[in-house]
Structures are given as structure tokens and as C-alpha cells.
Amino acid sequence: MAEKKPSRQKVFTLLIEVGRSKGDGLPKGATGAALLCYATGIDEAEAVREAVAVLKQAEMAPLDVSGYGSLEEQLAEGVEIGDDERDLMARALAENAVIVAQVTPFTD
């Protein structure tokens, strides 16, 4: 039996701004939103591509992505990461998924 290689996947924290599109599920009157996401990838670029693809499938309109690095990079920079965030990051890694942790709608 072949030994399973350790995963090279990491979890990256992304802030994704979305505009409005039909079926996006944002509240009436919102002009868009900021989504705090945890996405897996071998590098941040892959995590961004995966997150954008998932949001497009969810009928959202991604406009801009800001990356905040992997868990390890953030900890090395002294960023405090709470247990809830760590749990969501662990879930994203275990499920090889994009987790939307927070949605902040924009209004005029």
C-alpha cells in the first residue's frame, strides 16, 4: 500500500469584495459586500482562484481580493487568531473548502 503524501495545502485568509448580481443573496439595498473567507491552496494565488470560482458559482460578483497570508504567516507576523477562526481554518483544510466566515454588506 502506498504511503499517503502529506498535503501541501495551506489555509489562506482572504477579504473579497463583491458587487451585486442577480441571485447573490445579499440584503435588499446593499450595493455589495465584503466577505471574510478562509480558502485552501498550495499557495495564495491558488486559494484566490478557488475562492473566486466558488463565489461565482454562488452567483456572486467578486470585484477585488486582498490576501492576508496563511495561518503560519499571520502567526509569524504576530497576528492574534482566536479559537473560532482557527476552527474555521481547520475545517477549510480538512474539507479542502472555501469557508465564508463573515459577510459585511455595503450600503450607500
# chains A, B, ... in the order shown; residues from 1 in each chain; ligands from 1
call {"tool": "select_by_dssp", "arguments": {"residues": "segment 2-108 of chain A", "states": "helix (DSSP H, G or I)", "output": "JSON, numbers by chain"}}
result
{"A": [44, 45, 46, 47, 48, 49, 50, 51, 52, 53, 54, 55, 56, 57, 71, 72, 73, 74, 75, 76, 83, 84, 85, 86, 87, 88, 89, 90, 91, 92, 93, 94, 95]}
call {"tool": "residues_around", "arguments": {"residues": "Val18 of chain A", "least_positions_apart": "6", "cutoff": "8 Å", "atoms": "only C-alpha atoms", "output": "CSV table (one decimal) with C-alpha atoms, in the first residue's frame"}}
result
chain,number,residue,atom,x,y,z
A,32,GLY,CA,-22.1,44.9,-2.4
A,33,ALA,CA,-20.3,43.3,0.5
A,34,ALA,CA,-17.0,42.3,2.0
A,35,LEU,CA,-16.6,38.6,2.6
A,60,MET,CA,-21.8,36.5,-6.6
A,61,ALA,CA,-19.7,39.1,-8.4
A,62,PRO,CA,-16.2,39.2,-7.0
A,63,LEU,CA,-14.5,42.5,-7.7
A,64,ASP,CA,-11.4,42.6,-5.5
call {"tool": "select_by_dssp", "arguments": {"residues": "segment 65-98 of chain A", "states": "strand (DSSP E or B)", "output": "PyMOL selection string"}}
result
chain A and resi 65-70+98
call {"tool": "write_last_selection", "arguments": {"atoms": "all heavy atoms", "output": "tab-separated table (two decimals), in the first residue's frame"}}
result
chain	number	residue	atom	x	y	z
A	65	VAL	N	-9.80	41.17	-4.37
A	65	VAL	CA	-9.39	40.23	-3.33
A	65	VAL	C	-8.13	40.77	-2.65
A	65	VAL	O	-7.17	41.14	-3.33
A	65	VAL	CB	-9.08	38.83	-3.92
A	65	VAL	CG1	-8.65	37.86	-2.82
A	65	VAL	CG2	-10.26	38.28	-4.69
A	66	SER	N	-8.17	40.80	-1.33
A	66	SER	CA	-6.98	41.13	-0.54
A	66	SER	C	-6.59	39.88	0.23
A	66	SER	O	-7.42	39.28	0.92
A	66	SER	CB	-7.28	42.26	0.46
A	66	SER	OG	-7.66	43.43	-0.22
A	67	GLY	N	-5.33	39.49	0.12
A	67	GLY	CA	-4.84	38.31	0.81
A	67	GLY	C	-4.08	38.71	2.07
A	67	GLY	O	-3.33	39.67	2.06
A	68	TYR	N	-4.30	37.93	3.14
A	68	TYR	CA	-3.63	38.20	4.41
A	68	TYR	C	-2.68	37.09	4.80
A	68	TYR	O	-2.20	37.06	5.93
A	68	TYR	CB	-4.67	38.46	5.50
A	68	TYR	CG	-5.40	39.75	5.23
A	68	TYR	CD1	-6.58	39.76	4.49
A	68	TYR	CD2	-4.88	40.96	5.65
A	68	TYR	CE1	-7.23	40.95	4.20
A	68	TYR	CE2	-5.53	42.15	5.36
A	68	TYR	CZ	-6.69	42.15	4.64
A	68	TYR	OH	-7.33	43.32	4.34
A	69	GLY	N	-2.40	36.18	3.87
A	69	GLY	CA	-1.42	35.13	4.11
A	69	GLY	C	-2.01	33.89	4.76
A	69	GLY	O	-3.21	33.82	5.07
A	70	SER	N	-1.13	32.93	4.96
A	70	SER	CA	-1.53	31.66	5.59
A	70	SER	C	-1.55	31.83	7.11
A	70	SER	O	-1.06	32.83	7.65
A	70	SER	CB	-0.53	30.56	5.22
A	70	SER	OG	0.73	30.84	5.82
A	98	VAL	N	-13.74	26.36	0.67
A	98	VAL	CA	-13.75	27.80	0.89
A	98	VAL	C	-14.83	28.06	1.94
A	98	VAL	O	-15.99	27.70	1.73
A	98	VAL	CB	-14.06	28.57	-0.41
A	98	VAL	CG1	-14.17	30.06	-0.13
A	98	VAL	CG2	-13.00	28.29	-1.47
call {"tool": "closest_residue", "arguments": {"among": "A:Leu15, A:Thr40, A:Pro27, A:Thr104", "to": "Arg91 of chain A", "atoms": "only C-alpha atoms"}}
result
A:Thr40
call {"tool": "residues_around", "arguments": {"residues": "Asp87 of chain A", "least_positions_apart": "6", "cutoff": "12 Å", "atoms": "only C-alpha atoms", "output": "JSON, numbers by chain"}}
result
{"A": [11, 38, 71, 81, 93, 94, 99, 101]}
call {"tool": "write_last_selection", "arguments": {"atoms": "all heavy atoms", "output": "compact mmCIF listing (two decimals), in the first residue's frame"}}
result
# COMPACT_ATOMS: atom_id res chain seq x y z
N VAL A 11 -4.15 27.02 4.47
CA VAL A 11 -5.36 27.85 4.51
C VAL A 11 -4.93 29.30 4.49
O VAL A 11 -4.05 29.71 5.26
CB VAL A 11 -6.20 27.56 5.77
CG1 VAL A 11 -7.41 28.47 5.82
CG2 VAL A 11 -6.63 26.11 5.79
N TYR A 38 -11.86 31.88 4.34
CA TYR A 38 -10.71 31.01 4.54
C TYR A 38 -10.73 30.02 3.39
O TYR A 38 -11.72 29.31 3.20
CB TYR A 38 -10.79 30.29 5.89
CG TYR A 38 -10.88 31.25 7.04
CD1 TYR A 38 -12.00 31.30 7.86
CD2 TYR A 38 -9.84 32.14 7.31
CE1 TYR A 38 -12.09 32.20 8.90
CE2 TYR A 38 -9.92 33.05 8.35
CZ TYR A 38 -11.04 33.07 9.15
OH TYR A 38 -11.12 33.97 10.18
N LEU A 71 -2.10 30.85 7.78
CA LEU A 71 -2.12 30.86 9.24
C LEU A 71 -0.71 31.03 9.78
O LEU A 71 -0.46 31.87 10.64
CB LEU A 71 -2.75 29.56 9.76
CG LEU A 71 -2.69 29.35 11.28
CD1 LEU A 71 -3.46 30.45 12.01
CD2 LEU A 71 -3.24 27.98 11.64
N ILE A 81 -4.94 35.12 16.48
CA ILE A 81 -6.01 34.39 15.81
C ILE A 81 -6.75 33.58 16.86
O ILE A 81 -6.17 32.72 17.52
CB ILE A 81 -5.44 33.51 14.68
CG1 ILE A 81 -4.77 34.42 13.66
CG2 ILE A 81 -6.54 32.68 14.05
CD1 ILE A 81 -4.11 33.73 12.52
N LEU A 93 -9.34 23.39 5.76
CA LEU A 93 -8.25 22.49 5.37
C LEU A 93 -8.75 21.05 5.29
O LEU A 93 -8.49 20.34 4.31
CB LEU A 93 -7.09 22.61 6.36
CG LEU A 93 -5.81 21.89 5.97
CD1 LEU A 93 -5.26 22.43 4.66
CD2 LEU A 93 -4.77 22.05 7.08
N ALA A 94 -9.49 20.61 6.29
CA ALA A 94 -9.98 19.23 6.33
C ALA A 94 -10.92 18.93 5.16
O ALA A 94 -10.90 17.84 4.60
CB ALA A 94 -10.69 18.96 7.65
N ILE A 99 -14.45 28.64 3.05
CA ILE A 99 -15.39 28.96 4.12
C ILE A 99 -15.58 30.47 4.15
O ILE A 99 -14.61 31.22 4.27
CB ILE A 99 -14.84 28.51 5.49
CG1 ILE A 99 -14.48 27.04 5.51
CG2 ILE A 99 -15.81 28.89 6.62
CD1 ILE A 99 -15.59 26.07 5.63
N ALA A 101 -16.57 33.21 6.37
CA ALA A 101 -16.71 33.35 7.82
C ALA A 101 -17.55 34.55 8.22
O ALA A 101 -18.18 34.53 9.27
CB ALA A 101 -15.33 33.45 8.46
call {"tool": "closest_residue", "arguments": {"among": "A:Glu50, A:Met89, A:Val79, A:Glu59", "to": "Gly25 of chain A", "atoms": "only C-alpha atoms"}}
result
A:Glu59
call {"tool": "closest_residue", "arguments": {"among": "A:Thr13, A:Ala76, A:Ala39, A:Phe106", "to": "Leu55 of chain A", "atoms": "only C-alpha atoms"}}
result
A:Ala39
call {"tool": "closest_residue", "arguments": {"among": "A:Thr107, A:Ala97, A:Glu77, A:Ile42", "to": "Gly19 of chain A", "atoms": "only C-alpha atoms"}}
result
A:Thr107
call {"tool": "closest_residue", "arguments": {"among": "A:Lys28, A:Arg8, A:Arg49, A:Lys56", "to": "Asp108 of chain A", "atoms": "only C-alpha atoms"}}
result
A:Lys28
call {"tool": "atom_distance", "arguments": {"atom1": "atom CA of Leu36 of chain A", "atom2": "atom CA of Val103 of chain A"}}
result
6.6 Å
call {"tool": "atom_distance", "arguments": {"atom1": "atom CA of Arg20 of chain A", "atom2": "atom CA of Val54 of chain A"}}
result
15.7 Å
call {"tool": "atom_distance", "arguments": {"atom1": "atom CA of Pro105 of chain A", "atom2": "atom CA of Glu72 of chain A"}}
result
29.0 Å
call {"tool": "closest_residue", "arguments": {"among": "A:Leu75, A:Leu14, A:Ala58, A:Leu26", "to": "Glu46 of chain A", "atoms": "only C-alpha atoms"}}
result
A:Leu14
